[in-house]
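Visitor: So that you have it, the file is coords31.txt, and it contains compact mmCIF, N, CA and C atoms:
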# COMPACT_ATOMS: atom_id res chain seq x y z
N MET A 1 -10.17 -3.89 -8.84
CA MET A 1 -9.03 -3.65 -9.71
C MET A 1 -8.10 -4.86 -9.65
N LEU A 2 -7.56 -5.19 -10.77
CA LEU A 2 -6.59 -6.28 -10.85
C LEU A 2 -5.18 -5.68 -10.83
N LEU A 3 -4.36 -6.13 -9.89
CA LEU A 3 -2.97 -5.69 -9.81
C LEU A 3 -2.08 -6.82 -10.30
N ARG A 4 -1.32 -6.53 -11.32
CA ARG A 4 -0.39 -7.53 -11.84
C ARG A 4 0.87 -7.53 -10.98
N LEU A 5 1.31 -8.69 -10.56
CA LEU A 5 2.46 -8.79 -9.67
C LEU A 5 3.71 -9.31 -10.36
N GLY A 6 3.55 -9.93 -11.49
CA GLY A 6 4.69 -10.50 -12.18
C GLY A 6 4.33 -11.88 -12.71
N PHE A 7 5.32 -12.67 -12.99
CA PHE A 7 5.10 -14.00 -13.56
C PHE A 7 5.54 -15.08 -12.58
N ASN A 8 4.90 -16.21 -12.65
CA ASN A 8 5.24 -17.36 -11.84
C ASN A 8 6.60 -17.87 -12.28
N GLN A 9 7.58 -17.77 -11.40
CA GLN A 9 8.96 -18.11 -11.74
C GLN A 9 9.12 -19.59 -12.08
N ASP A 10 8.43 -20.45 -11.37
CA ASP A 10 8.55 -21.89 -11.65
C ASP A 10 8.06 -22.22 -13.06
N LEU A 11 6.97 -21.58 -13.48
CA LEU A 11 6.45 -21.84 -14.82
C LEU A 11 7.33 -21.20 -15.90
N LEU A 12 7.97 -20.07 -15.58
CA LEU A 12 8.88 -19.46 -16.55
C LEU A 12 10.02 -20.40 -16.91
N LEU A 13 10.47 -21.18 -15.92
CA LEU A 13 11.54 -22.15 -16.19
C LEU A 13 11.10 -23.20 -17.20
N LEU A 14 9.78 -23.40 -17.31
CA LEU A 14 9.21 -24.35 -18.28
C LEU A 14 8.74 -23.64 -19.56
N ASN A 15 9.17 -22.38 -19.73
CA ASN A 15 8.79 -21.54 -20.87
C ASN A 15 7.29 -21.29 -20.95
N LEU A 16 6.64 -21.23 -19.79
CA LEU A 16 5.23 -20.87 -19.71
C LEU A 16 5.09 -19.55 -18.97
N GLN A 17 4.37 -18.61 -19.58
CA GLN A 17 4.18 -17.32 -18.94
C GLN A 17 2.81 -17.27 -18.27
N ARG A 18 2.78 -17.42 -16.97
CA ARG A 18 1.54 -17.34 -16.21
C ARG A 18 1.67 -16.16 -15.25
N GLU A 19 0.86 -15.13 -15.51
CA GLU A 19 0.93 -13.93 -14.70
C GLU A 19 0.24 -14.15 -13.35
N ILE A 20 0.82 -13.58 -12.31
CA ILE A 20 0.22 -13.61 -10.97
C ILE A 20 -0.53 -12.31 -10.80
N VAL A 21 -1.83 -12.41 -10.47
CA VAL A 21 -2.70 -11.24 -10.39
C VAL A 21 -3.39 -11.21 -9.03
N LEU A 22 -3.47 -10.02 -8.45
CA LEU A 22 -4.19 -9.82 -7.20
C LEU A 22 -5.46 -9.04 -7.52
N ASP A 23 -6.60 -9.59 -7.19
CA ASP A 23 -7.89 -8.94 -7.43
C ASP A 23 -8.30 -8.20 -6.16
N THR A 24 -8.20 -6.88 -6.18
CA THR A 24 -8.50 -6.08 -4.98
C THR A 24 -9.98 -6.09 -4.64
N ASP A 25 -10.84 -6.45 -5.58
CA ASP A 25 -12.27 -6.58 -5.27
C ASP A 25 -12.53 -7.80 -4.39
N LYS A 26 -11.73 -8.82 -4.55
CA LYS A 26 -11.89 -10.05 -3.76
C LYS A 26 -11.00 -10.06 -2.53
N ASN A 27 -9.88 -9.35 -2.59
CA ASN A 27 -8.91 -9.31 -1.48
C ASN A 27 -8.68 -7.85 -1.09
N ALA A 28 -9.49 -7.37 -0.16
CA ALA A 28 -9.39 -5.96 0.22
C ALA A 28 -8.08 -5.66 0.94
N MET A 29 -7.51 -6.64 1.62
CA MET A 29 -6.25 -6.43 2.33
C MET A 29 -5.26 -7.51 1.90
N THR A 30 -4.02 -7.10 1.75
CA THR A 30 -2.96 -8.04 1.40
C THR A 30 -1.75 -7.70 2.24
N LEU A 31 -1.14 -8.70 2.80
CA LEU A 31 0.06 -8.52 3.62
C LEU A 31 1.22 -9.21 2.93
N LEU A 32 2.29 -8.44 2.72
CA LEU A 32 3.53 -9.02 2.20
C LEU A 32 4.46 -9.17 3.38
N GLN A 33 4.95 -10.37 3.60
CA GLN A 33 5.90 -10.56 4.68
C GLN A 33 7.01 -11.48 4.24
N GLY A 34 8.15 -11.32 4.84
CA GLY A 34 9.29 -12.16 4.52
C GLY A 34 10.52 -11.61 5.21
N ALA A 35 11.58 -12.36 5.16
CA ALA A 35 12.84 -11.97 5.79
C ALA A 35 13.44 -10.77 5.06
N THR A 36 14.34 -10.09 5.74
CA THR A 36 15.07 -8.98 5.13
C THR A 36 15.78 -9.48 3.88
N GLY A 37 15.62 -8.75 2.79
CA GLY A 37 16.28 -9.12 1.55
C GLY A 37 15.51 -10.12 0.70
N SER A 38 14.27 -10.45 1.10
CA SER A 38 13.51 -11.46 0.37
C SER A 38 12.74 -10.89 -0.83
N GLY A 39 12.71 -9.56 -0.98
CA GLY A 39 12.07 -8.97 -2.16
C GLY A 39 10.75 -8.28 -1.90
N LYS A 40 10.41 -8.02 -0.66
CA LYS A 40 9.13 -7.36 -0.34
C LYS A 40 9.07 -5.96 -0.96
N THR A 41 10.10 -5.18 -0.76
CA THR A 41 10.11 -3.81 -1.29
C THR A 41 10.15 -3.83 -2.81
N PHE A 42 10.89 -4.75 -3.38
CA PHE A 42 10.91 -4.89 -4.84
C PHE A 42 9.51 -5.17 -5.36
N LEU A 43 8.79 -6.11 -4.73
CA LEU A 43 7.44 -6.43 -5.15
C LEU A 43 6.51 -5.24 -4.96
N LEU A 44 6.65 -4.53 -3.86
CA LEU A 44 5.81 -3.36 -3.61
C LEU A 44 6.04 -2.30 -4.69
N ASN A 45 7.28 -2.09 -5.07
CA ASN A 45 7.58 -1.14 -6.15
C ASN A 45 6.93 -1.58 -7.45
N ARG A 46 6.99 -2.87 -7.73
CA ARG A 46 6.36 -3.42 -8.95
C ARG A 46 4.85 -3.20 -8.89
N MET A 47 4.25 -3.47 -7.74
CA MET A 47 2.81 -3.28 -7.58
C MET A 47 2.41 -1.82 -7.79
N LEU A 48 3.21 -0.90 -7.25
CA LEU A 48 2.93 0.53 -7.43
C LEU A 48 2.98 0.92 -8.90
N ALA A 49 4.00 0.45 -9.60
CA ALA A 49 4.14 0.79 -11.03
C ALA A 49 2.97 0.24 -11.83
N TYR A 50 2.62 -1.03 -11.61
CA TYR A 50 1.49 -1.62 -12.33
C TYR A 50 0.19 -0.90 -11.99
N CYS A 51 0.01 -0.58 -10.73
CA CYS A 51 -1.22 0.09 -10.31
C CYS A 51 -1.35 1.45 -10.98
N GLU A 52 -0.27 2.20 -10.99
CA GLU A 52 -0.26 3.51 -11.63
C GLU A 52 -0.62 3.39 -13.12
N TYR A 53 0.01 2.45 -13.79
CA TYR A 53 -0.24 2.23 -15.21
C TYR A 53 -1.69 1.78 -15.45
N ASP A 54 -2.14 0.81 -14.67
CA ASP A 54 -3.49 0.27 -14.87
C ASP A 54 -4.57 1.32 -14.60
N LEU A 55 -4.37 2.18 -13.61
CA LEU A 55 -5.33 3.25 -13.35
C LEU A 55 -5.38 4.23 -14.53
N GLU A 56 -4.22 4.57 -15.06
CA GLU A 56 -4.17 5.47 -16.23
C GLU A 56 -4.89 4.85 -17.42
N GLN A 57 -4.61 3.59 -17.69
CA GLN A 57 -5.20 2.91 -18.85
C GLN A 57 -6.70 2.72 -18.72
N SER A 58 -7.18 2.45 -17.52
CA SER A 58 -8.60 2.18 -17.32
C SER A 58 -9.43 3.45 -17.26
N GLY A 59 -8.78 4.57 -16.93
CA GLY A 59 -9.52 5.81 -16.77
C GLY A 59 -10.30 5.84 -15.46
N GLU A 60 -10.10 4.82 -14.64
CA GLU A 60 -10.80 4.72 -13.35
C GLU A 60 -10.31 5.82 -12.42
N ASN A 61 -11.25 6.41 -11.70
CA ASN A 61 -10.90 7.44 -10.73
C ASN A 61 -10.42 6.74 -9.47
N GLY A 62 -9.18 6.97 -9.09
CA GLY A 62 -8.65 6.31 -7.92
C GLY A 62 -7.49 7.07 -7.32
N THR A 63 -7.18 6.73 -6.09
CA THR A 63 -6.08 7.35 -5.37
C THR A 63 -5.15 6.26 -4.87
N VAL A 64 -3.86 6.46 -5.06
CA VAL A 64 -2.85 5.56 -4.53
C VAL A 64 -2.04 6.35 -3.51
N ILE A 65 -1.92 5.78 -2.32
CA ILE A 65 -1.18 6.43 -1.24
C ILE A 65 -0.02 5.52 -0.86
N LEU A 66 1.16 6.10 -0.74
CA LEU A 66 2.34 5.35 -0.32
C LEU A 66 2.83 5.92 1.00
N CYS A 67 2.81 5.10 2.03
CA CYS A 67 3.39 5.44 3.32
C CYS A 67 4.70 4.68 3.44
N ASP A 68 5.78 5.43 3.41
CA ASP A 68 7.12 4.86 3.41
C ASP A 68 7.76 5.15 4.76
N PHE A 69 7.50 4.29 5.73
CA PHE A 69 7.98 4.58 7.08
C PHE A 69 9.50 4.61 7.16
N LYS A 70 10.18 3.76 6.42
CA LYS A 70 11.65 3.74 6.44
C LYS A 70 12.23 5.05 5.93
N GLY A 71 11.67 5.52 4.83
CA GLY A 71 12.17 6.75 4.24
C GLY A 71 13.54 6.62 3.61
N ASP A 72 13.97 5.40 3.31
CA ASP A 72 15.27 5.25 2.65
C ASP A 72 15.09 5.44 1.14
N ASP A 73 16.02 4.97 0.35
CA ASP A 73 15.95 5.22 -1.10
C ASP A 73 15.08 4.21 -1.86
N SER A 74 14.43 3.30 -1.17
CA SER A 74 13.63 2.27 -1.83
C SER A 74 12.52 2.85 -2.69
N PHE A 75 11.97 3.98 -2.29
CA PHE A 75 10.85 4.60 -3.01
C PHE A 75 11.18 6.04 -3.40
N LYS A 76 12.46 6.32 -3.65
CA LYS A 76 12.89 7.69 -3.92
C LYS A 76 12.19 8.30 -5.14
N GLU A 77 11.82 7.47 -6.12
CA GLU A 77 11.17 8.01 -7.32
C GLU A 77 9.76 8.53 -7.03
N TYR A 78 9.22 8.21 -5.86
CA TYR A 78 7.87 8.66 -5.51
C TYR A 78 7.87 9.85 -4.55
N ARG A 79 9.02 10.28 -4.08
CA ARG A 79 9.08 11.33 -3.05
C ARG A 79 8.39 12.62 -3.44
N GLU A 80 8.41 12.95 -4.69
CA GLU A 80 7.78 14.20 -5.13
C GLU A 80 6.29 14.03 -5.47
N CYS A 81 5.79 12.83 -5.34
CA CYS A 81 4.38 12.57 -5.66
C CYS A 81 3.47 13.12 -4.57
N LYS A 82 2.28 13.48 -4.99
CA LYS A 82 1.29 14.09 -4.10
C LYS A 82 0.96 13.22 -2.89
N ASN A 83 0.83 11.93 -3.06
CA ASN A 83 0.39 11.05 -1.99
C ASN A 83 1.51 10.17 -1.43
N TYR A 84 2.72 10.72 -1.37
CA TYR A 84 3.85 10.02 -0.76
C TYR A 84 4.08 10.62 0.62
N TYR A 85 4.17 9.75 1.63
CA TYR A 85 4.40 10.21 3.00
C TYR A 85 5.47 9.33 3.64
N ALA A 86 6.38 9.98 4.38
CA ALA A 86 7.46 9.24 5.03
C ALA A 86 7.37 9.40 6.55
N PHE A 87 7.96 8.45 7.22
CA PHE A 87 8.07 8.44 8.67
C PHE A 87 6.71 8.65 9.33
N MET A 88 6.63 9.55 10.30
CA MET A 88 5.39 9.72 11.06
C MET A 88 4.33 10.52 10.29
N GLU A 89 4.67 11.08 9.13
CA GLU A 89 3.66 11.73 8.29
C GLU A 89 2.57 10.76 7.87
N CYS A 90 2.90 9.48 7.87
CA CYS A 90 1.99 8.46 7.37
C CYS A 90 0.63 8.55 8.04
N ILE A 91 0.59 8.58 9.34
CA ILE A 91 -0.68 8.57 10.05
C ILE A 91 -1.44 9.88 9.86
N GLU A 92 -0.72 11.00 9.79
CA GLU A 92 -1.37 12.30 9.70
C GLU A 92 -2.17 12.46 8.40
N HIS A 93 -1.68 11.90 7.31
CA HIS A 93 -2.27 12.19 6.01
C HIS A 93 -3.22 11.12 5.48
N PHE A 94 -2.81 9.87 5.49
CA PHE A 94 -3.65 8.89 4.84
C PHE A 94 -4.95 8.67 5.60
N TRP A 95 -4.93 8.83 6.91
CA TRP A 95 -6.13 8.57 7.70
C TRP A 95 -7.26 9.54 7.36
N SER A 96 -6.95 10.74 6.91
CA SER A 96 -7.99 11.74 6.64
C SER A 96 -8.98 11.26 5.58
N ILE A 97 -8.53 10.56 4.56
CA ILE A 97 -9.44 10.05 3.52
C ILE A 97 -10.45 9.08 4.12
N PHE A 98 -9.95 8.17 4.93
CA PHE A 98 -10.83 7.17 5.53
C PHE A 98 -11.76 7.80 6.56
N ARG A 99 -11.25 8.73 7.35
CA ARG A 99 -12.08 9.42 8.35
C ARG A 99 -13.20 10.19 7.67
N ASP A 100 -12.88 10.89 6.59
CA ASP A 100 -13.89 11.66 5.86
C ASP A 100 -15.00 10.75 5.33
N ARG A 101 -14.64 9.59 4.85
CA ARG A 101 -15.65 8.65 4.36
C ARG A 101 -16.56 8.19 5.49
N GLN A 102 -15.98 7.93 6.64
CA GLN A 102 -16.78 7.49 7.78
C GLN A 102 -17.70 8.60 8.27
N GLN A 103 -17.33 9.84 8.00
CA GLN A 103 -18.12 10.97 8.47
C GLN A 103 -19.07 11.49 7.40
N GLY A 104 -19.31 10.71 6.36
CA GLY A 104 -20.35 11.06 5.41
C GLY A 104 -19.92 11.50 4.03
N ASN A 105 -18.64 11.62 3.75
CA ASN A 105 -18.21 11.98 2.40
C ASN A 105 -18.68 10.87 1.44
N PRO A 106 -19.49 11.23 0.44
CA PRO A 106 -20.06 10.20 -0.44
C PRO A 106 -19.08 9.64 -1.47
N ASP A 107 -17.89 10.22 -1.59
CA ASP A 107 -16.91 9.74 -2.56
C ASP A 107 -16.49 8.31 -2.23
N ARG A 108 -16.72 7.42 -3.15
CA ARG A 108 -16.33 6.02 -2.96
C ARG A 108 -15.38 5.57 -4.06
N SER A 109 -14.58 6.51 -4.56
CA SER A 109 -13.61 6.14 -5.57
C SER A 109 -12.55 5.24 -4.95
N PHE A 110 -11.88 4.52 -5.80
CA PHE A 110 -10.90 3.52 -5.40
C PHE A 110 -9.73 4.17 -4.66
N VAL A 111 -9.40 3.65 -3.48
CA VAL A 111 -8.24 4.11 -2.72
C VAL A 111 -7.38 2.90 -2.39
N LEU A 112 -6.12 2.98 -2.73
CA LEU A 112 -5.20 1.89 -2.46
C LEU A 112 -4.07 2.42 -1.59
N LEU A 113 -3.90 1.81 -0.43
CA LEU A 113 -2.87 2.22 0.51
C LEU A 113 -1.75 1.19 0.50
N PHE A 114 -0.54 1.66 0.19
CA PHE A 114 0.66 0.85 0.30
C PHE A 114 1.41 1.36 1.53
N PHE A 115 1.65 0.50 2.50
CA PHE A 115 2.31 0.91 3.74
C PHE A 115 3.54 0.05 3.92
N ASP A 116 4.71 0.61 3.64
CA ASP A 116 5.95 -0.13 3.80
C ASP A 116 6.45 0.02 5.23
N GLU A 117 6.83 -1.10 5.83
CA GLU A 117 7.33 -1.16 7.20
C GLU A 117 6.26 -0.80 8.22
N TYR A 118 5.08 -1.38 8.05
CA TYR A 118 3.96 -1.14 8.96
C TYR A 118 4.30 -1.58 10.39
N ALA A 119 4.93 -2.73 10.55
CA ALA A 119 5.28 -3.21 11.89
C ALA A 119 6.25 -2.24 12.58
N SER A 120 7.21 -1.72 11.84
CA SER A 120 8.14 -0.74 12.42
C SER A 120 7.42 0.54 12.80
N PHE A 121 6.45 0.93 11.99
CA PHE A 121 5.65 2.11 12.29
C PHE A 121 4.91 1.92 13.61
N LEU A 122 4.27 0.77 13.79
CA LEU A 122 3.54 0.52 15.03
C LEU A 122 4.47 0.50 16.24
N THR A 123 5.66 -0.04 16.06
CA THR A 123 6.63 -0.09 17.14
C THR A 123 7.07 1.31 17.55
N ALA A 124 7.11 2.22 16.59
CA ALA A 124 7.58 3.58 16.86
C ALA A 124 6.54 4.44 17.57
N LEU A 125 5.30 4.03 17.57
CA LEU A 125 4.28 4.84 18.25
C LEU A 125 4.60 4.91 19.74
N ASP A 126 4.39 6.08 20.32
CA ASP A 126 4.81 6.31 21.70
C ASP A 126 4.13 5.42 22.73
N LEU A 127 2.83 5.39 22.74
CA LEU A 127 2.11 4.67 23.78
C LEU A 127 1.43 3.44 23.23
N ARG A 128 1.44 2.39 24.00
CA ARG A 128 0.80 1.15 23.57
C ARG A 128 -0.68 1.37 23.28
N ARG A 129 -1.34 2.20 24.05
CA ARG A 129 -2.75 2.48 23.82
C ARG A 129 -2.96 3.09 22.44
N ASN A 130 -2.11 4.02 22.05
CA ASN A 130 -2.21 4.62 20.72
C ASN A 130 -2.04 3.57 19.63
N ARG A 131 -1.14 2.63 19.85
CA ARG A 131 -0.91 1.57 18.89
C ARG A 131 -2.17 0.72 18.72
N LYS A 132 -2.80 0.36 19.82
CA LYS A 132 -4.03 -0.44 19.75
C LYS A 132 -5.15 0.33 19.04
N GLN A 133 -5.26 1.62 19.34
CA GLN A 133 -6.30 2.43 18.68
C GLN A 133 -6.05 2.50 17.18
N LEU A 134 -4.81 2.69 16.78
CA LEU A 134 -4.49 2.77 15.35
C LEU A 134 -4.78 1.44 14.67
N LYS A 135 -4.40 0.33 15.30
CA LYS A 135 -4.68 -0.97 14.71
C LYS A 135 -6.18 -1.15 14.49
N ARG A 136 -6.99 -0.76 15.47
CA ARG A 136 -8.44 -0.89 15.33
C ARG A 136 -8.95 -0.04 14.18
N LYS A 137 -8.46 1.19 14.06
CA LYS A 137 -8.87 2.08 12.97
C LYS A 137 -8.54 1.46 11.61
N LEU A 138 -7.29 0.99 11.48
CA LEU A 138 -6.86 0.44 10.19
C LEU A 138 -7.65 -0.82 9.83
N LEU A 139 -7.90 -1.67 10.81
CA LEU A 139 -8.64 -2.89 10.53
C LEU A 139 -10.07 -2.59 10.13
N CYS A 140 -10.61 -1.49 10.60
CA CYS A 140 -11.99 -1.13 10.24
C CYS A 140 -12.09 -0.65 8.80
N VAL A 141 -11.05 0.01 8.31
CA VAL A 141 -11.17 0.61 6.98
C VAL A 141 -10.45 -0.15 5.88
N LEU A 142 -9.53 -1.01 6.23
CA LEU A 142 -8.79 -1.72 5.18
C LEU A 142 -9.51 -2.95 4.74
Just give me the structure as structure tokens.
Guide:
Amino acid sequence: MLLRLGFNQDLLLLNLQREIVLDTDKNAMTLLQGATGSGKTFLLNRMLAYCEYDLEQSGENGTVILCDFKGDDSFKEYRECKNYYAFMECIEHFWSIFRDRQQGNPDRSFVLLFFDEYASFLTALDLRRNRKQLKRKLLCVL
């Protein structure tokens, strides 16, 4: 799936519209990082909106999961959505899809996981051993 991220700002200044696209078939994992206030959450919201629209338009069977560890108002418009999880709910729910696939569920429809504040989530886990186990699980499926 191609996720549209927006336009290249430098080229826009030259009156050229060049869209920035992420190809999830070529890039199974993507990490957004930057300082506080640099626009990570804004970009994630944009990616979610484009993904939702593109899935509807393509008719492709897929699931989008949003794990919002902060639980602030950044993703308030998604709170009532079926696959929105906040705080520690994140691990309880999204992992079941991946676990079921590993245990023989033949469904291979598209699943896209957006995890906001992943580093904070890992820090909040009680035991270091649990954190290492979770990291191994996520790296195996993402």
Visitor: Which residues in chain A does DSSP call helix (DSSP H, G or I)? List them as a PyMOL selection string.
Guide: chain A and resi 9-12+40-58+73-78+89-102+118-124+128-141
Visitor: List every residue of range 27-122 of chain A that DSSP, applied to the backbone of this structure, assigns to strand (DSSP E or B), and report them as a list of chain:residue names.
Guide: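 So the strand (DSSP E or B) residues in range 27-122 of chain A would be A:Gly62, A:Thr63, A:Val64, A:Ile65, A:Leu66, A:Cys67, A:Asp68, A:Tyr84, A:Tyr85, A:Ala86, A:Phe110, A:Val111, A:Leu112, A:Leu113, A:Phe114, A:Phe115, A:Asp116.
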Visitor: Pick out the residues sitting within 10 Å of Cys67 in chain A, and hand them over as a ChimeraX atom specification; count only C-alpha atoms, and ignore anything fewer than 5 positions along from it in its own chain.
Guide: /A:75,83-91,93-94,113-118,121
Visitor: For Arg108 in chain A, please output as number ranges by chain all residues within 8 Å (counting all atoms listed in the file; exclusion window: fewer than 6 positions along the same chain).
Guide: A: 61-62, 101
Visitor: Work out how far CA of Leu22 in chain A is from CA of Arg46 in chain A, in Å to one decimal.
Guide: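 One can read the CA of Arg46 in chain A to CA of Leu22 in chain A distance as 12.5 Å.
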Visitor: Of the residues A:Leu5, A:Leu12, A:Met29, A:Leu125, which is the one nearest to Leu43 in chain A, using all atoms listed in the file?
Guide: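 Looking only at the distances to Leu43 in chain A, the closest residue turns out to be A:Leu5.
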Visitor: Interatomic distance between CA of Leu11 in chain A and CA of Ser38 in chain A?
Guide: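 Computed distance, CA of Leu11 in chain A to CA of Ser38 in chain A, equals 19.7 Å.
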Visitor: How many Å separate CA of Ser96 in chain A from CA of Asp68 in chain A?
Guide: 16.9 Å
Visitor: From the list A:Leu112, A:Leu66, A:Leu14, A:Ala49, which residue is nearest Met1 in chain A when using only C-alpha atoms?
Guide: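 With only C-alpha atoms as the atom set, the closest residue is A:Leu112.
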Visitor: Between A:Lys76, A:Ala124, A:Leu2, A:Val111, which has the minimum distance to Thr24 in chain A (counting only N, CA and C atoms)?
Guide: A:Leu2
Visitor: If I only have part of range 14-27 of chain A, can you fill in N, CA, C and O atoms and write it as an mmCIF file, in the frame of the given file?
Guide:
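Contents of result.cif, freshly written:
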data_model
loop_
_atom_site.group_PDB
_atom_site.id
_atom_site.type_symbol
_atom_site.label_atom_id
_atom_site.label_comp_id
_atom_site.auth_asym_id
_atom_site.auth_seq_id
_atom_site.Cartn_x
_atom_site.Cartn_y
_atom_site.Cartn_z
ATOM 1 N N LEU A 14 9.780 -23.400 -17.310
ATOM 2 C CA LEU A 14 9.210 -24.350 -18.280
ATOM 3 C C LEU A 14 8.740 -23.640 -19.560
ATOM 4 O O LEU A 14 7.999 -24.186 -20.351
ATOM 5 N N ASN A 15 9.170 -22.380 -19.730
ATOM 6 C CA ASN A 15 8.790 -21.540 -20.870
ATOM 7 C C ASN A 15 7.290 -21.290 -20.950
ATOM 8 O O ASN A 15 6.727 -21.157 -22.028
ATOM 9 N N LEU A 16 6.640 -21.230 -19.790
ATOM 10 C CA LEU A 16 5.230 -20.870 -19.710
ATOM 11 C C LEU A 16 5.090 -19.550 -18.970
ATOM 12 O O LEU A 16 5.662 -19.378 -17.898
ATOM 13 N N GLN A 17 4.370 -18.610 -19.580
ATOM 14 C CA GLN A 17 4.180 -17.320 -18.940
ATOM 15 C C GLN A 17 2.810 -17.270 -18.270
ATOM 16 O O GLN A 17 1.793 -17.119 -18.949
ATOM 17 N N ARG A 18 2.780 -17.420 -16.970
ATOM 18 C CA ARG A 18 1.540 -17.340 -16.210
ATOM 19 C C ARG A 18 1.670 -16.160 -15.250
ATOM 20 O O ARG A 18 2.478 -16.170 -14.344
ATOM 21 N N GLU A 19 0.860 -15.130 -15.510
ATOM 22 C CA GLU A 19 0.930 -13.930 -14.700
ATOM 23 C C GLU A 19 0.240 -14.150 -13.350
ATOM 24 O O GLU A 19 -0.794 -14.802 -13.259
ATOM 25 N N ILE A 20 0.820 -13.580 -12.310
ATOM 26 C CA ILE A 20 0.220 -13.610 -10.970
ATOM 27 C C ILE A 20 -0.530 -12.310 -10.800
ATOM 28 O O ILE A 20 0.029 -11.220 -10.972
ATOM 29 N N VAL A 21 -1.830 -12.410 -10.470
ATOM 30 C CA VAL A 21 -2.700 -11.240 -10.390
ATOM 31 C C VAL A 21 -3.390 -11.210 -9.030
ATOM 32 O O VAL A 21 -3.843 -12.236 -8.536
ATOM 33 N N LEU A 22 -3.470 -10.020 -8.450
ATOM 34 C CA LEU A 22 -4.190 -9.820 -7.200
ATOM 35 C C LEU A 22 -5.460 -9.040 -7.520
ATOM 36 O O LEU A 22 -5.402 -7.951 -8.097
ATOM 37 N N ASP A 23 -6.600 -9.590 -7.190
ATOM 38 C CA ASP A 23 -7.890 -8.940 -7.430
ATOM 39 C C ASP A 23 -8.300 -8.200 -6.160
ATOM 40 O O ASP A 23 -8.698 -8.807 -5.172
ATOM 41 N N THR A 24 -8.200 -6.880 -6.180
ATOM 42 C CA THR A 24 -8.500 -6.080 -4.980
ATOM 43 C C THR A 24 -9.980 -6.090 -4.640
ATOM 44 O O THR A 24 -10.345 -5.771 -3.509
ATOM 45 N N ASP A 25 -10.840 -6.450 -5.580
ATOM 46 C CA ASP A 25 -12.270 -6.580 -5.270
ATOM 47 C C ASP A 25 -12.530 -7.800 -4.390
ATOM 48 O O ASP A 25 -13.442 -7.808 -3.571
ATOM 49 N N LYS A 26 -11.730 -8.820 -4.550
ATOM 50 C CA LYS A 26 -11.890 -10.050 -3.760
ATOM 51 C C LYS A 26 -11.000 -10.060 -2.530
ATOM 52 O O LYS A 26 -11.292 -10.741 -1.551
ATOM 53 N N ASN A 27 -9.880 -9.350 -2.590
ATOM 54 C CA ASN A 27 -8.910 -9.310 -1.480
ATOM 55 C C ASN A 27 -8.680 -7.850 -1.090
ATOM 56 O O ASN A 27 -7.789 -7.205 -1.612
#
